[in-house]
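Peer 1: Contents are CSV, C-alpha atoms; file name structure.csv:
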chain,number,residue,atom,x,y,z
A,1,ARG,CA,122.9,-139.4,52.9
A,2,ALA,CA,120.6,-137.2,55.0
A,3,LEU,CA,119.0,-140.4,56.5
A,4,ALA,CA,122.4,-141.9,57.2
A,5,ASP,CA,123.5,-138.7,58.9
A,6,ALA,CA,120.4,-138.6,61.1
A,7,ALA,CA,120.7,-142.3,62.0
A,8,GLY,CA,124.4,-142.0,63.0
A,9,GLN,CA,125.6,-144.3,60.3
A,10,CYS,CA,128.9,-143.8,58.5
A,11,ASP,CA,128.6,-141.7,55.4
A,12,ASP,CA,132.3,-141.2,54.6
A,13,ASP,CA,133.0,-141.5,50.9
A,14,ASP,CA,136.6,-142.3,51.6
A,15,ASP,CA,136.1,-145.0,54.2
A,16,PRO,CA,138.6,-147.7,53.0
A,17,TYR,CA,136.7,-150.5,54.7
A,18,GLU,CA,133.9,-152.4,53.0
A,19,ASP,CA,130.9,-153.3,55.1
A,20,GLY,CA,131.7,-157.0,55.0
A,21,ASP,CA,135.2,-156.3,56.4
A,22,LYS,CA,134.0,-154.3,59.4
A,23,ALA,CA,133.6,-155.6,63.0
A,24,ARG,CA,130.1,-155.2,64.5
A,25,HIS,CA,129.3,-151.9,66.2
A,26,GLY,CA,129.5,-153.6,69.5
A,27,ALA,CA,133.2,-154.2,69.0
A,28,ARG,CA,134.0,-150.5,68.7
A,29,HIS,CA,135.6,-150.2,72.2
A,30,SER,CA,138.0,-153.0,71.6
A,31,GLU,CA,138.8,-151.8,68.1
A,32,PHE,CA,139.5,-148.3,69.3
A,33,ALA,CA,141.7,-149.5,72.2
A,34,ALA,CA,143.7,-151.7,69.8
A,35,TRP,CA,144.1,-148.8,67.4
A,36,LEU,CA,145.3,-146.5,70.2
A,37,VAL,CA,148.0,-149.0,71.3
A,38,ALA,CA,149.1,-149.6,67.7
A,39,THR,CA,149.2,-145.8,66.9
A,40,PHE,CA,150.5,-144.2,70.1
A,41,GLY,CA,152.4,-147.2,71.7
A,42,ALA,CA,151.6,-148.9,75.0
A,43,GLU,CA,154.5,-147.3,76.8
A,44,ALA,CA,153.6,-143.8,75.7
A,45,LEU,CA,150.0,-144.3,76.8
A,46,ARG,CA,151.2,-145.6,80.2
A,47,ALA,CA,153.2,-142.3,80.8
A,48,GLY,CA,152.1,-140.1,83.7
A,49,VAL,CA,148.7,-141.0,85.0
A,50,GLY,CA,147.8,-142.7,81.7
A,51,VAL,CA,144.8,-142.0,79.5
A,52,LEU,CA,141.8,-139.8,80.1
A,53,ASP,CA,138.7,-141.4,78.6
A,54,ILE,CA,136.2,-138.5,78.3
A,55,ALA,CA,132.5,-139.0,78.3
A,56,GLY,CA,133.0,-142.7,78.0
A,57,GLY,CA,129.6,-143.8,79.2
A,58,ARG,CA,129.7,-147.2,80.7
A,59,GLY,CA,133.5,-147.3,80.5
A,60,GLY,CA,134.0,-149.6,77.5
A,61,VAL,CA,137.2,-148.0,76.3
A,62,ALA,CA,138.6,-147.5,79.8
A,63,PHE,CA,137.9,-151.2,80.4
A,64,GLU,CA,139.7,-152.3,77.2
A,65,LEU,CA,142.7,-150.1,77.9
A,66,SER,CA,143.1,-150.6,81.7
A,67,CYS,CA,141.8,-154.1,82.4
A,68,ARG,CA,142.7,-155.9,79.2
A,69,ARG,CA,145.9,-154.0,78.2
A,70,GLY,CA,147.3,-152.7,81.4
A,71,ILE,CA,147.2,-149.1,80.5
A,72,PRO,CA,146.2,-146.8,83.4
A,73,THR,CA,143.0,-145.0,82.4
A,74,THR,CA,140.7,-142.6,84.1
A,75,LEU,CA,137.1,-142.3,83.0
A,76,VAL,CA,135.8,-138.7,83.2
A,77,GLU,CA,132.1,-139.2,83.0
A,78,PRO,CA,129.3,-137.6,85.1
A,79,ARG,CA,127.1,-140.6,85.2
A,80,ASP,CA,127.3,-143.6,87.6
A,81,LEU,CA,129.7,-146.3,86.4
A,82,GLN,CA,127.8,-149.3,85.1
A,83,LEU,CA,130.1,-151.9,83.6
A,84,ASP,CA,128.4,-154.4,81.4
A,85,ARG,CA,128.1,-158.1,82.5
A,86,ARG,CA,131.1,-159.2,80.4
A,87,ALA,CA,133.4,-156.6,81.9
A,88,ARG,CA,132.3,-157.3,85.4
A,89,ARG,CA,132.9,-161.0,84.9
A,90,PHE,CA,136.4,-160.3,83.4
A,91,VAL,CA,137.4,-158.0,86.3
A,92,ARG,CA,136.2,-160.6,88.9
A,93,LYS,CA,137.9,-163.6,87.3
A,94,ALA,CA,141.1,-161.8,86.4
A,95,GLY,CA,141.4,-160.1,89.8
A,96,VAL,CA,142.4,-156.8,88.2
A,97,ALA,CA,141.7,-153.4,89.6
A,98,PRO,CA,139.0,-151.5,87.8
A,99,PHE,CA,139.9,-148.2,86.3
A,100,ALA,CA,139.6,-144.8,88.0
A,101,HIS,CA,136.3,-142.9,87.6
A,102,VAL,CA,135.9,-139.2,88.1
A,103,ARG,CA,132.3,-138.1,88.0
A,104,ALA,CA,132.6,-134.8,86.1
A,105,LEU,CA,132.1,-133.1,82.8
A,106,LEU,CA,135.2,-132.0,80.9
A,107,ASP,CA,134.7,-128.2,81.3
A,108,ALA,CA,136.2,-125.1,83.0
A,109,GLU,CA,135.1,-126.3,86.4
A,110,PHE,CA,136.9,-129.6,86.0
A,111,GLU,CA,140.0,-127.8,84.7
A,112,ALA,CA,139.9,-125.4,87.7
A,113,SER,CA,139.7,-128.2,90.3
A,114,ALA,CA,142.9,-129.6,91.8
A,115,GLU,CA,142.0,-133.1,90.6
A,116,GLY,CA,141.1,-132.0,87.1
A,117,ALA,CA,144.2,-129.9,86.6
A,118,ALA,CA,146.5,-132.6,87.9
A,119,LEU,CA,144.9,-135.1,85.5
A,120,LEU,CA,145.2,-132.8,82.5
A,121,ARG,CA,148.8,-131.9,83.4
A,122,SER,CA,149.9,-135.5,83.9
A,123,CYS,CA,147.9,-137.6,81.4
A,124,SER,CA,149.4,-139.2,78.4
A,125,ALA,CA,146.5,-138.5,76.1
A,126,LEU,CA,142.8,-137.5,75.9
A,127,VAL,CA,140.5,-139.8,74.0
A,128,GLY,CA,136.8,-140.0,73.3
A,129,LEU,CA,134.7,-142.6,71.4
A,130,HIS,CA,131.4,-141.1,70.3
A,131,SER,CA,131.6,-138.5,73.1
A,132,ASP,CA,128.8,-136.4,71.5
A,133,GLU,CA,128.8,-132.9,73.0
A,134,ALA,CA,132.2,-133.4,74.6
A,135,THR,CA,134.0,-134.2,71.4
A,136,GLU,CA,135.2,-130.7,70.5
A,137,ALA,CA,136.1,-129.9,74.1
A,138,ILE,CA,138.4,-133.0,74.1
A,139,VAL,CA,140.3,-131.5,71.1
A,140,ASP,CA,140.4,-128.0,72.6
A,141,PHE,CA,141.6,-129.2,76.0
A,142,ALA,CA,144.2,-131.4,74.4
A,143,LEU,CA,145.6,-128.5,72.3
A,144,LYS,CA,145.5,-126.2,75.3
A,145,TRP,CA,147.5,-128.6,77.5
A,146,GLY,CA,149.7,-129.8,74.7
A,147,LYS,CA,148.5,-133.4,74.8
A,148,PRO,CA,148.0,-136.1,72.2
A,149,PHE,CA,144.4,-137.0,71.6
A,150,ALA,CA,142.1,-139.2,69.5
A,151,VAL,CA,138.3,-138.7,69.1
A,152,LEU,CA,135.7,-140.5,67.0
A,153,PRO,CA,133.0,-137.9,66.3
A,154,CYS,CA,129.4,-139.0,66.2
A,155,CYS,CA,126.5,-136.6,66.5
A,156,VAL,CA,127.2,-133.0,65.5
A,157,PHE,CA,124.6,-131.0,67.5
A,158,PRO,CA,124.6,-127.9,65.3
A,159,ARG,CA,122.0,-126.1,67.4
A,160,LEU,CA,124.2,-126.4,70.5
A,161,PHE,CA,127.3,-125.3,68.6
A,162,PRO,CA,126.2,-122.7,66.0
A,163,HIS,CA,129.7,-121.0,66.0
A,164,ARG,CA,131.2,-123.9,64.0
A,165,ARG,CA,131.9,-123.0,60.4
A,166,ALA,CA,132.7,-125.3,57.5
A,167,ALA,CA,135.3,-124.6,54.9
A,168,ASP,CA,132.7,-122.9,52.7
A,169,GLY,CA,131.6,-120.6,55.5
A,170,GLY,CA,128.4,-122.4,56.2
A,171,ALA,CA,127.3,-123.9,59.5
A,172,VAL,CA,128.8,-127.3,60.4
A,173,LYS,CA,125.8,-129.7,60.2
A,174,ARG,CA,127.2,-133.0,58.7
A,175,HIS,CA,129.5,-135.5,60.3
A,176,ARG,CA,132.1,-135.0,57.5
A,177,GLU,CA,132.0,-131.3,58.0
A,178,PHE,CA,132.5,-131.7,61.8
A,179,CYS,CA,135.5,-134.0,61.3
A,180,GLU,CA,137.1,-131.5,58.9
A,181,PHE,CA,136.4,-128.7,61.3
A,182,LEU,CA,138.2,-130.5,64.1
A,183,GLN,CA,141.1,-131.5,61.9
A,184,ALA,CA,141.6,-127.8,60.9
A,185,LYS,CA,142.0,-126.6,64.5
A,186,ALA,CA,145.8,-127.1,64.5
A,187,ALA,CA,148.7,-128.4,62.4
A,188,GLY,CA,149.6,-132.1,62.8
A,189,ILE,CA,146.1,-133.3,63.3
A,190,GLU,CA,145.4,-136.5,61.2
A,191,ALA,CA,142.4,-138.6,60.2
A,192,ALA,CA,141.9,-142.3,59.7
A,193,HIS,CA,139.2,-144.9,59.8
A,194,LEU,CA,138.7,-147.9,62.2
A,195,PRO,CA,137.3,-151.2,61.0
A,196,PHE,CA,133.9,-151.3,62.7
A,197,GLU,CA,130.3,-150.4,61.7
A,198,GLY,CA,129.0,-146.9,62.3
A,199,ARG,CA,130.8,-143.7,62.8
A,200,ASN,CA,134.4,-144.9,62.4
A,201,ARG,CA,136.5,-141.8,61.4
A,202,VAL,CA,139.1,-141.0,64.0
A,203,ILE,CA,140.6,-137.5,64.4
A,204,TYR,CA,143.9,-137.5,66.2
A,205,ARG,CA,147.3,-136.0,67.0
A,206,ARG,CA,150.1,-138.5,67.7
A,207,CYS,CA,152.4,-136.3,69.6
A,208,GLY,CA,152.2,-133.6,72.2
A,209,ALA,CA,153.1,-130.0,71.5
A,210,ALA,CA,153.7,-126.8,73.3
A,211,PRO,CA,150.7,-125.9,75.5
A,212,GLU,CA,148.4,-123.1,74.3
A,213,PRO,CA,147.2,-121.7,77.6
A,214,GLU,CA,145.2,-118.9,75.9
A,215,ARG,CA,143.3,-121.3,73.6
A,216,PRO,CA,139.6,-120.9,74.1
A,217,ILE,CA,137.5,-124.0,74.9
A,218,CYS,CA,134.2,-124.5,73.0
A,219,GLN,CA,131.0,-124.0,74.9
A,220,PRO,CA,127.5,-125.1,74.0
A,221,CYS,CA,125.0,-122.3,73.5
A,222,GLU,CA,123.0,-123.7,76.4
A,223,ALA,CA,123.9,-125.4,79.7
A,224,TYR,CA,124.6,-129.0,78.9
A,225,GLU,CA,123.9,-132.2,80.9
A,226,PRO,CA,124.0,-135.6,79.3
A,227,ASN,CA,120.5,-136.7,78.3
A,228,LEU,CA,120.4,-139.6,80.7
A,229,VAL,CA,121.4,-137.4,83.7
A,230,ARG,CA,118.6,-134.9,82.7
A,231,ARG,CA,116.0,-137.7,82.4
A,232,ARG,CA,116.9,-139.1,85.8
A,233,ALA,CA,116.7,-135.7,87.4
A,234,ALA,CA,113.3,-135.2,85.9
A,235,ALA,CA,112.1,-138.6,87.1
A,236,VAL,CA,113.2,-137.8,90.7
A,237,LYS,CA,111.2,-134.6,90.6
As structure tokens, what does this structure read like?
Peer 2:
Amino acid sequence: RALADAAGQCDDDDDPYEDGDKARHGARHSEFAAWLVATFGAEALRAGVGVLDIAGGRGGVAFELSCRRGIPTTLVEPRDLQLDRRARRFVRKAGVAPFAHVRALLDAEFEASAEGAALLRSCSALVGLHSDEATEAIVDFALKWGKPFAVLPCCVFPRLFPHRRAADGGAVKRHREFCEFLQAKAAGIEAAHLPFEGRNRVIYRRCGAAPEPERPICQPCEAYEPNLVRRRAAAVK
């Protein structure tokens, strides 16, 4: 189990899907988008400015929602947008407009900006697929702004977030503990599994609720930049 946790593989004892019944890891964006539509409803996701896809990397989830399913989506991601070849070809042939992209981290600075506040206020939901360090912040901001959300936690980063405590009072170090920690943040938060290989447990809240303007937002114990951003900055120097 320790090896599985370190490698980012799914170690859930209650995963209802057998390995042979799961889609390949590369299908995770499509599977998540399909689950979002089935769970929240397409019309609900289209409300306001649509979905915020947080720390979505190359925009796989945003592409599946916006380009394939017609659900307005904004990618909030500090890195340059680099759609893969398949997505670029689809956008070109279908003649559809690509999704919006805001180069930012989901943090207090984003929330304080006019653009960030408007997006948080008007979005239909916040989502994150393997959003790493941003995962807990997605949940916190969704609860603060009274929004539905769905996240699939991956890496735990216990050194960056030593404040997290498991049910037994110990530090949150395992994927399962992290999922349970997120689910315990508020009433009405559910958990399910998606049928793809790898970390496939989704933590979500179906409906919005009263905003909690005083809810604190988690902060890493050191300034965070995505690893790729950090490596590129070092290379320039």
Peer 1: Work out how far apart CA of Gly26 (chain A) and CA of Ser124 (chain A) are and give it in Å to one decimal.
Peer 2: 26.1 Å
Peer 1: Just want the 9 Å neighbourhood of Pro153 (chain A), counted on all atoms listed in the file, with same-chain residues fewer than 4 positions away dropped. Output as JSON, numbers by chain.
Peer 2: {"A": [128, 129, 130, 131, 132, 135, 136, 175, 178, 179, 199, 200, 201, 202, 203]}
Peer 1: Could the residues in this selection be written to a file with C-alpha atoms, as a CSV table (one decimal), keeping the file's coordinate frame?
Peer 2:
chain,number,residue,atom,x,y,z
A,128,GLY,CA,136.8,-140.0,73.3
A,129,LEU,CA,134.7,-142.6,71.4
A,130,HIS,CA,131.4,-141.1,70.3
A,131,SER,CA,131.6,-138.5,73.1
A,132,ASP,CA,128.8,-136.4,71.5
A,135,THR,CA,134.0,-134.2,71.4
A,136,GLU,CA,135.2,-130.7,70.5
A,175,HIS,CA,129.5,-135.5,60.3
A,178,PHE,CA,132.5,-131.7,61.8
A,179,CYS,CA,135.5,-134.0,61.3
A,199,ARG,CA,130.8,-143.7,62.8
A,200,ASN,CA,134.4,-144.9,62.4
A,201,ARG,CA,136.5,-141.8,61.4
A,202,VAL,CA,139.1,-141.0,64.0
A,203,ILE,CA,140.6,-137.5,64.4
Peer 1: List the neighbours of Ile54 (chain A) out to 9 Å using all atoms listed in the file; skip same-chain residues closer than 5 positions along the sequence, and give me the result as a list in words.
Peer 2: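 Here the answer would be Thr74, Leu75, Val76, Glu77, Leu105, Leu106, Leu126, Val127, Gly128, Leu129, Ser131, Ala134, Thr135 and Ile138 of chain A.
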Peer 1: Given the selection you just returned, output its residues as a file containing C-alpha atoms, formatted as a PDB file, keeping the file's coordinate frame.
Peer 2:
ATOM      1  CA  THR A  74     140.700-142.600  84.100  1.00  0.00           C
ATOM      2  CA  LEU A  75     137.100-142.300  83.000  1.00  0.00           C
ATOM      3  CA  VAL A  76     135.800-138.700  83.200  1.00  0.00           C
ATOM      4  CA  GLU A  77     132.100-139.200  83.000  1.00  0.00           C
ATOM      5  CA  LEU A 105     132.100-133.100  82.800  1.00  0.00           C
ATOM      6  CA  LEU A 106     135.200-132.000  80.900  1.00  0.00           C
ATOM      7  CA  LEU A 126     142.800-137.500  75.900  1.00  0.00           C
ATOM      8  CA  VAL A 127     140.500-139.800  74.000  1.00  0.00           C
ATOM      9  CA  GLY A 128     136.800-140.000  73.300  1.00  0.00           C
ATOM     10  CA  LEU A 129     134.700-142.600  71.400  1.00  0.00           C
ATOM     11  CA  SER A 131     131.600-138.500  73.100  1.00  0.00           C
ATOM     12  CA  ALA A 134     132.200-133.400  74.600  1.00  0.00           C
ATOM     13  CA  THR A 135     134.000-134.200  71.400  1.00  0.00           C
ATOM     14  CA  ILE A 138     138.400-133.000  74.100  1.00  0.00           C
TER      15      ILE A 138
END
Peer 1: Go through A:Pro158, A:Gly50, A:Ala44, A:Arg88 one by one, measure the shortest atom-to-atom distance of each to Phe63 (chain A) using only C-alpha atoms, and give the residue with the smallest value.
Peer 2: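 Checking each candidate against Phe63 (chain A), we get A:Arg88 as the closest.
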Peer 1: Counting only C-alpha atoms, which of A:Val49, A:Ala117, A:Leu83, A:Leu65 gets nearest to Trp35 (chain A)?
Peer 2: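 Of all the options, A:Leu65 lies closest to Trp35 (chain A).
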Peer 1: Nearest to Trp145 (chain A): which of A:Arg92, A:Ala166, A:Gly70, A:Arg121 is it, counting only C-alpha atoms?
Peer 2: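 Among the listed residues, A:Arg121 lies closest to Trp145 (chain A).
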Peer 1: Kindly give the distance, in Å, that separates CA of His163 (chain A) and CA of Cys207 (chain A), rounded to a single decimal.
Peer 2: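 Separating CA of His163 (chain A) from CA of Cys207 (chain A) is a distance of 27.6 Å.
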Peer 1: One number please: CA of Glu212 (chain A) to CA of Gly56 (chain A), in Å, one decimal.
Peer 2: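 A separation of 25.2 Å between them.
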Peer 1: So that I can see what lies close to Arg206 (chain A), please list as a VMD selection string the residues with an atom at most 9 Å from it, counting all atoms listed in the file and leaving out residues fewer than 5 positions away in the same chain.
Peer 2: chain A and resid 39 to 40 147 to 150 188 to 190
Peer 1: From the list A:Cys155, A:Gly198, A:Ala209, A:Tyr204, which residue is nearest His25 (chain A) when using all atoms listed in the file?
Peer 2: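 Using all atoms listed in the file, His25 (chain A) sits closest to A:Gly198.
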Peer 1: So, with all atoms listed in the file as the atoms that count, which of A:Arg24, A:Lys173, A:Lys144, A:Arg68 lies closest to Ala186 (chain A)?
Peer 2: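 With all atoms listed in the file as the atom set, the closest residue is A:Lys144.
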Peer 1: Env of region 12-21 of chain A: 8 Å cut, atoms = only C-alpha atoms, seq-sep filter 2 positions within chain, self excluded. Answer as a PDB file with C-alpha atoms, in the frame of the given file.
Peer 2:
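The result, stored in out_25.pdb:
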ATOM      1  CA  CYS A  10     128.900-143.800  58.500  1.00  0.00           C
ATOM      2  CA  ALA A  23     133.600-155.600  63.000  1.00  0.00           C
ATOM      3  CA  ARG A 176     132.100-135.000  57.500  1.00  0.00           C
ATOM      4  CA  HIS A 193     139.200-144.900  59.800  1.00  0.00           C
ATOM      5  CA  PRO A 195     137.300-151.200  61.000  1.00  0.00           C
ATOM      6  CA  GLU A 197     130.300-150.400  61.700  1.00  0.00           C
ATOM      7  CA  ARG A 201     136.500-141.800  61.400  1.00  0.00           C
TER       8      ARG A 201
END
Peer 1: Taking all atoms listed in the file into account, which of A:Arg28, A:Arg165, A:Arg159, A:His101 comes nearest Val61 (chain A)?
Peer 2: A:Arg28
Peer 1: What's around Ala97 (chain A) at 10 Å? Count all atoms listed in the file, leave out sequence neighbours fewer than 6 positions away in its own chain, and write the answer as a ChimeraX atom specification.
Peer 2: /A:66-67,70,91
